[in-house]
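Here is the structure we will look at.
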Amino acid sequence: QSALTQPPSASGSPGQSVTISCTGTSSDVGSYNYVSWYQQHPGKAPKLMISEVSKRPSGVPDRFSGSKSGNTASLTVSGLQAEDEADYYCSSYAGSNNYVFGTGTKVTVL
Amino acid sequence: QVQLQESGPGLVKPSDTLSLTCAVSGYSISSSNWWGWIRQPPGKGLEWIGYIYSSGSTYYNPSLKSRVTISLDTSKNQFSLKLSSVTAMDTAVYYCAKTPCVVCGFDSWGQGSLVTVSS
């Protein structure tokens, strides 16, 4: 199984929105509504931000939203804040009890 | 609130076996959850290694399957990772994590443990 493809970087000014894509195949993202998104600040463990494509765990601001179309999932961060500057990783169930992560996107708040 | 803490040697020699333990507090590993390992080479992305269910069932990343063993120790409320025949490519921060189901996403993570493979 290959890593899901994400753009290396994305950026936006405070208050703006940024959208990160996560492209897989018909064997993972395209077949299952089990895409998750993680936020990782430098030197810290990842934090679950979105599960099952669009569900926000308790405590995650509603500025974070997820969606999926075909083999591509997306994470949108609205109303960008300085603390949103971090690395973001998508992941997907890939069938047969396998799990695959994305390549990661560094979000910069300008 | 569940807390996870990795522990183990920070330096392993090439061809040896890497061994890490994840101590779980605030939650019983015998509950209906999956307990997993994920690694991150320095400056690179995340890689799923595998997970174990509270019953002992295991699933591993196909690319690592021949070298990985994940096990539970319910008496100590912890689970462990063993990765054999390591090379420099296995140098990474190793995280343990919890997920309520295989498809749910990992909702709790340990702080991570850096393991360097070098002679």
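Labels used: A, B, ... for chains in the order of the structure tokens, numbers from 1 for residues in each chain, and numbers from 1 for ligands as shown.
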
Give me the residues near Cys90 in chain A as a VMD selection string, where near means some atom within 8 Å (using only C-alpha atoms) and where sequence neighbours in that chain fewer than 6 positions away do not count.
chain A and resid 4 22 35 to 38 101 to 104

Identify every residue of chain B that has at least one atom within 9 Å of any atom of chain A, counting only C-alpha atoms, and report the result as a list in words.
Lys44, Gly45, Leu46, Glu47, Trp48, Ile49, Gly50, Tyr59, Tyr60, Asn61, Pro62, Ser63, Tyr95, Val102, Val103, Cys104, Gly105, Phe106, Asp107, Ser108, Trp109, Gly110, Gln111 and Gly112 of chain B

Could you pull out the strand (DSSP E or B) residues of chain A from DSSP and send them as a ChimeraX atom specification?
/A:4-5,9-12,18-23,35-40,47-51,55,64-69,72-77,86-93,99-102,105-109

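Around range 25-37 of chain B, within 6 Å and counting only C-alpha atoms, the residues found are Gln1, Val2, Gln3, Ile49, Gly50, Tyr51, Ile52, Tyr53, Ser54, Asn77, Tyr95, Cys96, Ala97, Lys98, Thr99 and Pro100 of chain B, once anything fewer than 3 positions away on its own chain is removed.
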
Please measure the separation of CA of Gln5 in chain B and CA of Leu72 in chain B, giving the value in Å to one decimal.
14.6 Å

With a distance cut-off of 12 Å and only C-alpha atoms, select the neighbouring residues of Ala10 in chain A, excluding the residue or stretch itself and same-chain residues fewer than 2 positions from it, and output the selection as a ChimeraX atom specification.
/A:6-8,12-13,17-21,75-77,80,84-88,104-110

Writer output for current selection, C-alpha atoms, as a CSV table (one decimal), in the first residue's frame:
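What ended up in again.csv:
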```
chain,number,residue,atom,x,y,z
A,6,GLN,CA,-0.9,15.5,0.0
A,7,PRO,CA,0.5,18.8,-1.1
A,8,PRO,CA,3.8,19.5,0.8
A,12,GLY,CA,-3.2,31.5,4.4
A,13,SER,CA,-3.6,34.7,6.2
A,17,SER,CA,-9.5,29.6,4.8
A,18,VAL,CA,-7.1,26.9,3.7
A,19,THR,CA,-8.0,23.5,2.1
A,20,ILE,CA,-5.7,20.5,2.1
A,21,SER,CA,-6.3,17.6,-0.3
A,75,LEU,CA,-9.7,19.2,5.1
A,76,THR,CA,-10.7,22.8,5.3
A,77,VAL,CA,-9.6,25.1,8.1
A,80,LEU,CA,-7.2,30.6,10.3
A,84,ASP,CA,-3.4,26.3,13.3
A,85,GLU,CA,0.1,26.5,12.0
A,86,ALA,CA,1.2,22.8,12.0
A,87,ASP,CA,1.7,19.7,9.9
A,88,TYR,CA,-1.5,17.9,8.9
A,104,GLY,CA,1.7,15.3,5.2
A,105,THR,CA,1.1,19.0,4.6
A,106,LYS,CA,2.8,21.9,6.4
A,107,VAL,CA,0.3,24.7,6.9
A,108,THR,CA,1.7,28.2,7.4
A,109,VAL,CA,-0.3,31.1,8.7
A,110,LEU,CA,1.1,34.2,7.0
```

Interatomic distance between CA of Lys82 in chain B and CA of Gln40 in chain A?
25.3 Å

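Counting only C-alpha atoms and comparing B:Leu11, B:Cys101, B:Ala88, B:Thr21, the residue that lies closest to Ser71 in chain B is B:Thr21.
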
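Residues within 9 Å of Ser118 in chain B, counting only C-alpha atoms and excluding same-chain residues fewer than 6 positions away, are Leu11, Val12, Lys13, Pro14, Thr87, Ala88 and Thr91 of chain B.
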
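Straight-line separation from CA of Asp90 in chain B to CA of Leu4 in chain B: 21.7 Å.
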
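Remark: for Gln78 in chain B, the closest of the candidate residues B:Cys22, B:Pro9, B:Ile38, B:Thr17 is B:Cys22 (distances computed over only C-alpha atoms).
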
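Distances from A:Ser9, A:Arg56, A:Gln16, A:Lys68 to Val29 in chain A were compared using only C-alpha atoms, and the smallest one belongs to A:Lys68.
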